[in-house]
$ cat coords22.cif   # mmCIF, C-alpha atoms
data_query
loop_
_atom_site.label_atom_id
_atom_site.label_comp_id
_atom_site.auth_asym_id
_atom_site.auth_seq_id
_atom_site.Cartn_x
_atom_site.Cartn_y
_atom_site.Cartn_z
CA MET A 1 3.07 4.68 25.10
CA ALA A 2 5.51 7.25 26.42
CA LEU A 3 5.73 10.68 24.85
CA GLN A 4 9.24 12.09 24.60
CA SER A 5 10.19 15.66 23.78
CA ILE A 6 12.04 16.54 20.61
CA LYS A 7 14.10 19.70 20.92
CA GLY A 8 12.68 22.50 18.81
CA GLY A 9 9.76 20.41 17.53
CA PHE A 10 8.39 20.96 14.03
CA PRO A 11 5.26 22.19 12.27
CA PHE A 12 2.80 19.64 10.88
CA PRO A 13 2.06 19.80 8.08
CA ALA A 14 5.25 21.68 7.33
CA TRP A 15 4.81 25.39 6.73
CA PRO A 16 5.88 26.91 3.40
CA THR A 17 9.65 27.24 3.16
CA GLY A 18 11.94 29.51 1.18
CA VAL A 19 9.24 32.10 0.60
CA ASN A 20 8.93 35.82 1.20
CA GLN A 21 6.02 36.22 3.62
CA GLY A 22 3.98 33.46 1.99
CA PRO A 23 3.61 31.09 -0.97
CA SER A 24 3.48 32.65 -4.41
CA LEU A 25 3.43 31.66 -8.07
CA SER A 26 5.43 33.13 -10.93
CA ALA A 27 5.03 32.60 -14.68
CA ILE A 28 7.17 30.95 -17.38
CA THR A 29 6.37 32.11 -20.90
CA LEU A 30 6.11 29.88 -23.98
CA ASP A 31 5.38 32.14 -26.95
CA ALA A 32 7.39 30.74 -29.86
CA SER A 33 6.98 27.53 -31.82
CA GLY A 34 8.89 24.66 -30.25
CA GLU A 35 9.81 26.38 -27.00
CA LYS A 36 9.91 23.94 -24.08
CA ALA A 37 9.47 23.99 -20.33
CA ALA A 38 10.77 21.04 -18.33
CA ALA A 39 10.63 19.88 -14.73
CA ILE A 40 13.49 17.55 -13.78
CA TRP A 41 12.63 14.92 -11.17
CA ARG A 42 14.35 12.01 -9.44
CA ALA A 43 12.11 8.99 -8.93
CA THR A 44 11.41 8.04 -5.32
CA ALA A 45 9.35 4.98 -6.28
CA ALA A 46 9.82 2.03 -8.64
CA LYS A 47 6.66 2.67 -10.63
CA ALA A 48 5.48 3.57 -14.13
CA ILE A 49 4.33 7.11 -14.98
CA ARG A 50 0.82 7.32 -16.43
CA LYS A 51 -0.24 10.98 -16.27
CA VAL A 52 1.25 14.45 -16.18
CA HIS A 53 -0.40 17.42 -14.46
CA LEU A 54 0.59 21.02 -15.11
CA ARG A 55 -0.66 24.34 -13.90
CA LEU A 56 -1.17 27.16 -16.41
CA GLY A 57 -0.86 30.87 -15.80
CA ALA A 58 -2.26 33.35 -18.29
CA VAL A 59 -3.06 31.99 -21.77
CA THR A 60 -3.07 34.56 -24.56
CA THR A 61 -3.36 32.10 -27.44
CA GLY A 62 -4.17 28.45 -26.92
CA ASP A 63 -2.65 25.60 -28.90
CA THR A 64 -1.98 21.88 -28.77
CA VAL A 65 1.17 21.17 -26.76
CA ASP A 66 3.19 17.97 -26.63
CA VAL A 67 3.62 16.64 -23.07
CA ARG A 68 6.54 14.22 -22.82
CA VAL A 69 8.46 12.08 -20.35
CA GLU A 70 12.10 12.25 -21.50
CA THR A 71 15.47 10.97 -20.42
CA VAL A 72 18.00 13.44 -19.05
CA ASP A 73 21.65 13.88 -19.98
CA THR A 74 23.05 12.98 -16.56
CA ALA A 75 26.64 12.78 -17.84
CA SER A 76 27.26 16.36 -18.87
CA THR A 77 24.41 18.89 -19.24
CA GLY A 78 21.51 17.87 -16.97
CA ASP A 79 19.11 18.86 -19.76
CA PRO A 80 16.32 16.77 -21.34
CA THR A 81 17.66 14.73 -24.25
CA GLY A 82 14.64 14.84 -26.55
CA THR A 83 14.38 11.04 -26.24
CA LEU A 84 11.16 9.66 -24.80
CA TRP A 85 11.43 7.46 -21.74
CA ALA A 86 11.16 3.77 -22.63
CA SER A 87 7.60 2.47 -22.80
CA ALA A 88 5.45 -0.03 -24.65
CA GLY A 89 4.69 2.71 -27.19
CA SER A 90 5.11 6.45 -26.77
CA ALA A 91 5.57 8.12 -23.38
CA ASN A 92 3.95 11.36 -24.51
CA ALA A 93 0.53 12.83 -25.26
CA SER A 94 -1.11 15.81 -26.97
CA LEU A 95 -2.80 18.32 -24.67
CA VAL A 96 -5.18 21.00 -25.94
CA VAL A 97 -4.74 24.33 -24.15
CA GLY A 98 -7.63 26.71 -24.74
CA SER A 99 -7.37 30.48 -24.82
CA GLY A 100 -9.67 30.58 -21.80
CA ASP A 101 -7.64 28.15 -19.69
CA ASP A 102 -6.00 30.88 -17.61
CA ASN A 103 -4.87 29.87 -14.12
CA THR A 104 -6.13 26.30 -14.31
CA TRP A 105 -4.76 22.81 -13.86
CA LYS A 106 -4.51 20.64 -16.98
CA SER A 107 -4.01 16.88 -16.90
CA VAL A 108 -3.17 14.42 -19.63
CA THR A 109 -2.81 10.63 -19.80
CA LEU A 110 0.23 9.42 -21.72
CA THR A 111 -0.35 7.40 -24.87
CA ASN A 112 1.46 4.58 -23.04
CA ASP A 113 2.71 4.24 -19.49
CA THR A 114 6.44 4.52 -19.16
CA ASN A 115 8.34 1.44 -18.17
CA ALA A 116 8.73 1.21 -14.41
CA LEU A 117 11.37 3.62 -13.17
CA ALA A 118 13.99 2.61 -10.66
CA ILE A 119 14.35 4.58 -7.46
CA GLY A 120 16.87 7.33 -8.19
CA ASP A 121 16.20 7.51 -11.93
CA VAL A 122 16.32 11.09 -13.22
CA PHE A 123 13.60 12.01 -15.71
CA ALA A 124 12.16 15.13 -17.31
CA LEU A 125 8.55 16.18 -17.78
CA VAL A 126 8.64 18.36 -20.88
CA VAL A 127 5.94 20.64 -22.31
CA VAL A 128 6.60 21.58 -25.95
CA ASN A 129 4.77 24.64 -27.30
CA GLY A 130 2.75 24.29 -30.51
CA ALA A 131 3.07 26.41 -33.63
CA VAL A 132 1.09 29.45 -32.44
CA GLY A 133 0.76 29.04 -28.66
CA ASN A 134 1.32 32.04 -26.39
CA MET A 135 0.91 30.95 -22.80
CA THR A 136 2.51 30.87 -19.39
CA LEU A 137 3.11 27.97 -17.03
CA SER A 138 3.16 28.41 -13.28
CA ALA A 139 6.34 28.14 -11.22
CA TYR A 140 6.78 28.23 -7.47
CA GLY A 141 7.79 31.82 -6.78
CA ASP A 142 10.37 32.91 -4.21
CA GLN A 143 11.91 29.44 -4.19
CA SER A 144 15.49 28.37 -4.71
CA MET A 145 15.74 24.66 -5.45
CA VAL A 146 18.90 22.86 -6.48
CA PHE A 147 16.98 19.61 -7.06
CA PRO A 148 14.33 19.14 -8.35
CA TYR A 149 14.97 21.92 -10.86
CA SER A 150 13.49 23.39 -14.02
CA ASP A 151 14.77 23.96 -17.53
CA LEU A 152 13.54 26.35 -20.24
CA PHE A 153 14.36 25.86 -23.93
CA ALA A 154 14.24 29.16 -25.81
CA ALA A 155 16.46 30.72 -28.49
CA ALA A 156 17.78 27.23 -29.27
CA ALA A 157 19.33 26.70 -25.82
CA TRP A 158 18.38 25.25 -22.44
CA THR A 159 18.57 27.52 -19.36
CA LYS A 160 18.10 26.10 -15.87
CA ASP A 161 15.81 27.75 -13.33
CA ASP A 162 15.72 27.37 -9.53
CA ASN A 163 12.00 28.22 -9.37
CA PRO A 164 10.40 24.78 -9.83
CA TYR A 165 7.78 24.61 -12.58
CA VAL A 166 4.42 23.17 -11.59
CA ILE A 167 4.63 20.09 -13.83
CA VAL A 168 4.15 16.90 -11.83
CA PRO A 169 4.01 13.14 -12.57
CA GLU A 170 1.30 10.71 -11.53
CA TYR A 171 2.19 7.02 -11.32
CA SER A 172 0.09 4.19 -12.71
CA ASP A 173 -1.28 3.37 -9.24
CA GLY A 174 -2.54 6.94 -8.76
CA SER A 175 0.25 8.02 -6.41
CA PHE A 176 2.43 11.12 -6.76
CA GLU A 177 5.98 12.21 -6.19
CA PRO A 178 6.36 14.08 -2.89
CA ILE A 179 7.14 17.79 -3.02
CA LEU A 180 9.70 18.31 -0.28
CA GLY A 181 11.72 21.45 -0.90
CA TYR A 182 8.78 23.80 -1.42
CA THR A 183 6.44 22.37 1.13
CA GLY A 184 2.82 23.35 1.18
CA VAL A 185 2.76 25.43 -1.99
CA GLY A 186 -0.05 24.43 -4.26
CA ALA A 187 -1.99 26.13 -7.01
CA PRO A 188 -4.11 28.06 -7.43
CA ILE A 189 -3.83 30.00 -4.15
CA ASN A 190 -7.21 31.18 -2.84
CA THR A 191 -7.90 34.20 -0.62
CA ASN A 192 -10.62 34.06 2.04
CA THR A 193 -11.83 37.22 3.79
CA PHE A 194 -14.17 36.72 6.74
CA ASP A 195 -15.05 37.80 10.29
CA SER A 196 -16.81 36.43 13.33
CA ASP A 197 -20.28 37.40 12.07
CA ASP A 198 -20.00 35.66 8.70
CA THR A 199 -21.86 32.46 7.87
CA THR A 200 -18.48 30.78 7.39
CA ASN A 201 -16.57 31.88 10.47
CA ARG A 202 -14.01 29.11 11.03
CA ARG A 203 -11.56 28.06 8.31
CA GLY A 204 -8.94 25.36 8.53
CA ASN A 205 -8.19 21.69 7.96
CA ILE A 206 -9.25 18.28 9.11
CA PHE A 207 -6.13 16.18 9.73
CA GLN A 208 -4.67 13.12 11.39
CA ILE A 209 -1.22 11.82 12.13
CA ALA A 210 -0.01 8.21 12.12
CA PHE A 211 1.56 8.20 15.59
CA PRO A 212 0.72 9.52 19.07
CA ALA A 213 2.14 12.99 19.62
CA ARG A 214 1.64 16.25 21.50
CA ALA A 215 0.78 19.57 19.87
CA SER A 216 2.10 22.60 21.72
CA GLY A 217 0.95 25.30 19.33
CA ALA A 218 -0.29 26.20 15.86
CA TRP A 219 0.90 28.04 12.76
CA ALA A 220 -0.88 29.78 9.90
CA TRP A 221 -0.21 31.91 6.84
CA ILE A 222 -2.56 34.81 7.47
CA ASP A 223 -3.17 38.53 7.03
CA HIS A 224 -4.71 39.48 10.35
CA ASP A 225 -6.01 43.02 10.49
CA ALA A 226 -8.15 42.00 13.46
CA ALA A 227 -7.95 39.73 16.49
CA PHE A 228 -8.13 35.97 15.98
CA SER A 229 -7.37 32.63 17.64
CA MET A 230 -6.47 29.15 16.39
CA LYS A 231 -8.34 26.19 17.85
CA VAL A 232 -8.05 22.38 17.69
CA TYR A 233 -11.35 20.49 17.74
CA ASP A 234 -12.26 16.84 18.10
CA ALA A 235 -13.36 14.78 15.09
CA ALA A 236 -16.95 15.97 15.39
CA GLY A 237 -15.82 19.56 15.61
CA THR A 238 -17.89 20.11 18.74
CA SER A 239 -15.26 20.14 21.51
CA VAL A 240 -12.34 22.56 21.64
CA LEU A 241 -9.26 20.59 22.71
CA ALA A 242 -6.71 23.41 22.53
CA THR A 243 -6.67 27.11 21.78
CA THR A 244 -4.09 29.83 21.31
CA PRO A 245 -4.16 33.21 23.03
CA VAL A 246 -5.84 35.98 21.03
CA ALA A 247 -3.53 37.58 18.45
CA ASN A 248 -4.31 41.27 17.99
CA ALA A 249 -3.69 43.21 14.79
CA PHE A 250 -0.88 45.25 16.35
CA GLN A 251 1.06 42.12 17.37
CA ARG A 252 2.91 41.51 14.10
CA GLY A 253 6.09 42.50 12.36
CA ILE A 254 4.47 43.34 9.02
CA THR A 255 1.02 44.40 7.88
CA THR A 256 1.01 42.07 4.89
CA PRO A 257 0.44 38.26 4.83
CA GLY A 258 2.97 36.12 6.66
CA ILE A 259 3.56 33.08 8.83
CA VAL A 260 2.27 33.29 12.40
CA TYR A 261 3.24 30.85 15.17
CA MET A 262 1.33 30.81 18.47
CA PRO A 263 1.51 28.42 21.45
CA PHE A 264 -1.57 26.75 22.87
CA ALA A 265 -2.71 27.84 26.31
CA ALA A 266 -2.24 24.15 27.22
CA PRO A 267 -0.72 21.42 24.97
CA VAL A 268 -2.97 18.69 23.63
CA GLU A 269 -2.11 15.01 23.08
CA LEU A 270 -3.14 13.64 19.68
CA ALA A 271 -3.96 9.97 19.15
CA ALA A 272 -2.72 8.02 16.15
CA GLY A 273 -5.04 7.71 13.14
CA THR A 274 -7.67 10.00 14.67
CA ASN A 275 -9.30 12.93 12.90
CA TYR A 276 -8.95 16.39 14.39
CA ARG A 277 -9.83 19.81 13.09
CA ILE A 278 -7.75 22.94 13.35
CA ALA A 279 -9.31 26.27 12.45
CA ILE A 280 -8.65 30.00 12.44
CA VAL A 281 -11.40 31.78 14.34
CA PRO A 282 -11.93 35.57 14.15
CA ASP A 283 -12.55 36.99 17.60
CA ILE A 284 -14.40 40.12 16.47
CA ALA A 285 -16.57 41.29 13.58
CA SER A 286 -13.62 42.67 11.60
CA ASN A 287 -12.06 40.96 8.62
CA ILE A 288 -9.04 38.71 8.58
CA VAL A 289 -7.66 36.96 5.49
CA THR A 290 -6.62 33.31 5.25
CA TYR A 291 -5.35 31.26 2.32
CA ASP A 292 -5.75 27.78 0.85
CA PHE A 293 -4.81 26.00 -2.35
CA ASP A 294 -6.51 23.60 -4.75
CA VAL A 295 -5.35 20.49 -6.58
CA PRO A 296 -7.14 18.77 -9.49
CA VAL A 297 -7.41 15.36 -7.78
CA ALA A 298 -7.38 14.46 -4.09
CA GLY A 299 -4.43 12.11 -4.54
CA MET A 300 -2.19 15.06 -5.42
CA LEU A 301 -2.27 16.13 -1.76
CA ASP A 302 0.02 13.13 -1.19
CA MET A 303 2.76 15.31 -2.69
CA PHE A 304 2.66 17.34 0.52
CA PRO A 305 3.40 16.26 4.11
CA GLY A 306 0.19 15.10 5.73
CA GLY A 307 -1.21 13.65 2.51
CA GLN A 308 -4.88 13.35 1.69
CA ALA A 309 -5.82 12.99 5.35
CA CYS A 310 -5.08 16.72 5.74
CA HIS A 311 -7.57 18.76 3.71
CA ARG A 312 -9.73 21.84 4.03
CA SER A 313 -12.52 21.98 6.60
CA VAL A 314 -14.70 25.04 7.23
CA TYR A 315 -17.59 25.69 9.59
CA THR A 316 -20.50 27.18 7.67
CA SER A 317 -24.24 27.33 8.37
CA SER A 318 -23.84 25.39 11.63
CA ALA A 319 -21.96 22.45 10.05
CA TRP A 320 -18.43 21.47 9.11
CA VAL A 321 -17.81 21.05 5.39
CA GLU A 322 -14.73 19.27 3.96
CA THR A 323 -13.09 19.71 0.56
CA THR A 324 -10.78 16.80 -0.29
CA THR A 325 -9.05 18.67 -3.15
CA SER A 326 -8.00 21.69 -1.12
CA ARG A 327 -5.83 22.49 1.88
CA SER A 328 -5.62 25.55 4.12
CA TYR A 329 -2.27 27.03 5.06
CA LEU A 330 -2.26 26.19 8.76
CA GLY A 331 -1.36 23.34 11.06
CA VAL A 332 -0.14 22.32 14.50
CA PHE A 333 3.33 22.42 16.03
CA LEU A 334 4.43 19.04 17.44
CA ASP A 335 6.94 18.85 20.28
CA GLN A 336 6.51 15.35 21.77
CA PHE A 337 6.33 11.93 20.11
CA ASP A 338 5.62 8.31 21.03
CA ASP A 339 8.88 6.44 21.73
CA GLY A 340 7.31 3.08 20.85
CA THR A 341 7.53 1.60 24.34
CA ALA A 342 3.86 0.66 24.66
CA VAL A 343 3.22 -2.84 25.94
CA GLY A 344 3.11 -5.19 22.98
CA GLY A 345 4.45 -2.46 20.69
CA SER A 346 7.14 -3.05 18.10
CA GLY A 347 8.63 0.41 17.80
CA GLY A 348 7.53 3.77 16.46
CA ASN A 349 5.37 4.19 13.42
CA ALA A 350 7.57 4.69 10.34
CA ASN A 351 4.96 6.62 8.38
CA ILE A 352 5.62 9.83 10.27
CA PHE A 353 3.98 12.22 7.86
CA GLY A 354 0.81 10.22 7.27
CA GLY A 355 0.90 10.78 3.54
CA SER A 356 3.90 8.97 2.14
CA VAL A 357 3.62 7.84 -1.47
CA ILE A 358 6.60 5.51 -1.25
CA LYS A 359 5.31 1.97 -0.85
#
$ encode --input "coords22.cif" --output "structure tokens"
Amino acid sequence: MALQSIKGGFPFPAWPTGVNQGPSLSAITLDASGEKAAAIWRATAAKAIRKVHLRLGAVTTGDTVDVRVETVDTASTGDPTGTLWASAGSANASLVVGSGDDNTWKSVTLTNDTNALAIGDVFALVVVNGAVGNMTLSAYGDQSMVFPYSDLFAAAAWTKDDNPYVIVPEYSDGSFEPILGYTGVGAPINTNTFDSDDTTNRRGNIFQIAFPARASGAWAWIDHDAAFSMKVYDAAGTSVLATTPVANAFQRGITTPGIVYMPFAAPVELAAGTNYRIAIVPDIASNIVTYDFDVPVAGMLDMFPGGQACHRSVYTSSAWVETTTSRSYLGVFLDQFDDGTAVGGSGGNANIFGGSVIK
């Protein structure tokens, strides 16, 4: 193995992009009978769709909604056609939304799997409001996406939206479409306030990468009103392999949450397929705030770079505890990579991000 530098390097997993200071969610309202919200996707895998997952905002009045996989008018409008995607029966399902389902994920299995899509096929995931429903669906706030995009049917007309709606497909093998343009934004977003004296005093992720590389620093989305460091640990979480200098509260451009990048005092080489932990560590007994997000099933983390291998890990009551359906907003910054020249090697590992769903 020979590590070679890549100019500029990149964060792993990728930090949230196209956002103002940090990830956020906005709301799309469905409050009239027959109104529709649609997420337009392009298939990256030749597979059948089995389930649809959507994230609700506030629900004033629950109802039964129709969740559909539809074709898209790719010739002229780019809107859903109202025609279900071909399947052995019906590529839709009824989903009951309760009045108490505020800010939750809802999942539904289609009555029948769609026929297998071809790579590049454009399809729509459509949520049709019931007769009395008054609810909101989540969208990725502060985003501007040309594709994938969203579409809202209200007042008898479709209107496109560049804030992607949180309506996602699951394939019949349990895999998911990757989310590329709005990396690292999940839902709901959780806030964690803690200091060095708390029982849980290290918050981060366990992760691995599929190729040898060098980490030269770390990034986090954080609100640091006190001094903190970021540390990389071995798989057991007992040895510190790399650490950043202390970041003090006055060393920041804003006093609200934002992305922080810090170099390690000394870079650390990471082995392929090996677990590591990265954590934010308060340096004093004053609060800092970190953030993470949840998904309804672990496999949904495959939508994000790093995949399921990168999930939340916290140190609490003298032990590390993992949550496979959550991820903290922090990671390493990679600046050197294996060039594939190891004896007996056959080139670099193609699965760079360690969580690809394209097989």
$ atom_distance --input "coords22.cif" --atom1 "CA of Asp121 in chain A" --atom2 "CA of Thr77 in chain A"
15.8 Å
$ resolve_selection --input "coords22.cif" --expression "the PyMOL selection byres ((chain A and resi 188-194) around 7)" --output "list in words"
Asn103, Gly186, Ala187, Asp195, Asp198, Asn201, Asn287, Ile288, Val289, Thr290, Tyr291, Asp292, Phe293 and Asp294 of chain A
$ residues_around --input "coords22.cif" --residues "Ala220 in chain A" --least-positions-apart "2" --cutoff "8 Å" --atoms "only C-alpha atoms" --output "list in words"
Trp15, Ala218, Ile222, Ile259, Val260, Tyr261, Tyr329, Leu330 and Gly331 of chain A
$ closest_residue --input "coords22.cif" --among "A:Leu125, A:Leu30, A:Met262, A:Leu95" --to "Ile49 in chain A" --atoms "all atoms listed in the file"
A:Leu125
$ closest_residue --input "coords22.cif" --among "A:Ala27, A:Ile40, A:Val97, A:Ala242" --to "Ser138 in chain A" --atoms "only C-alpha atoms"
A:Ala27
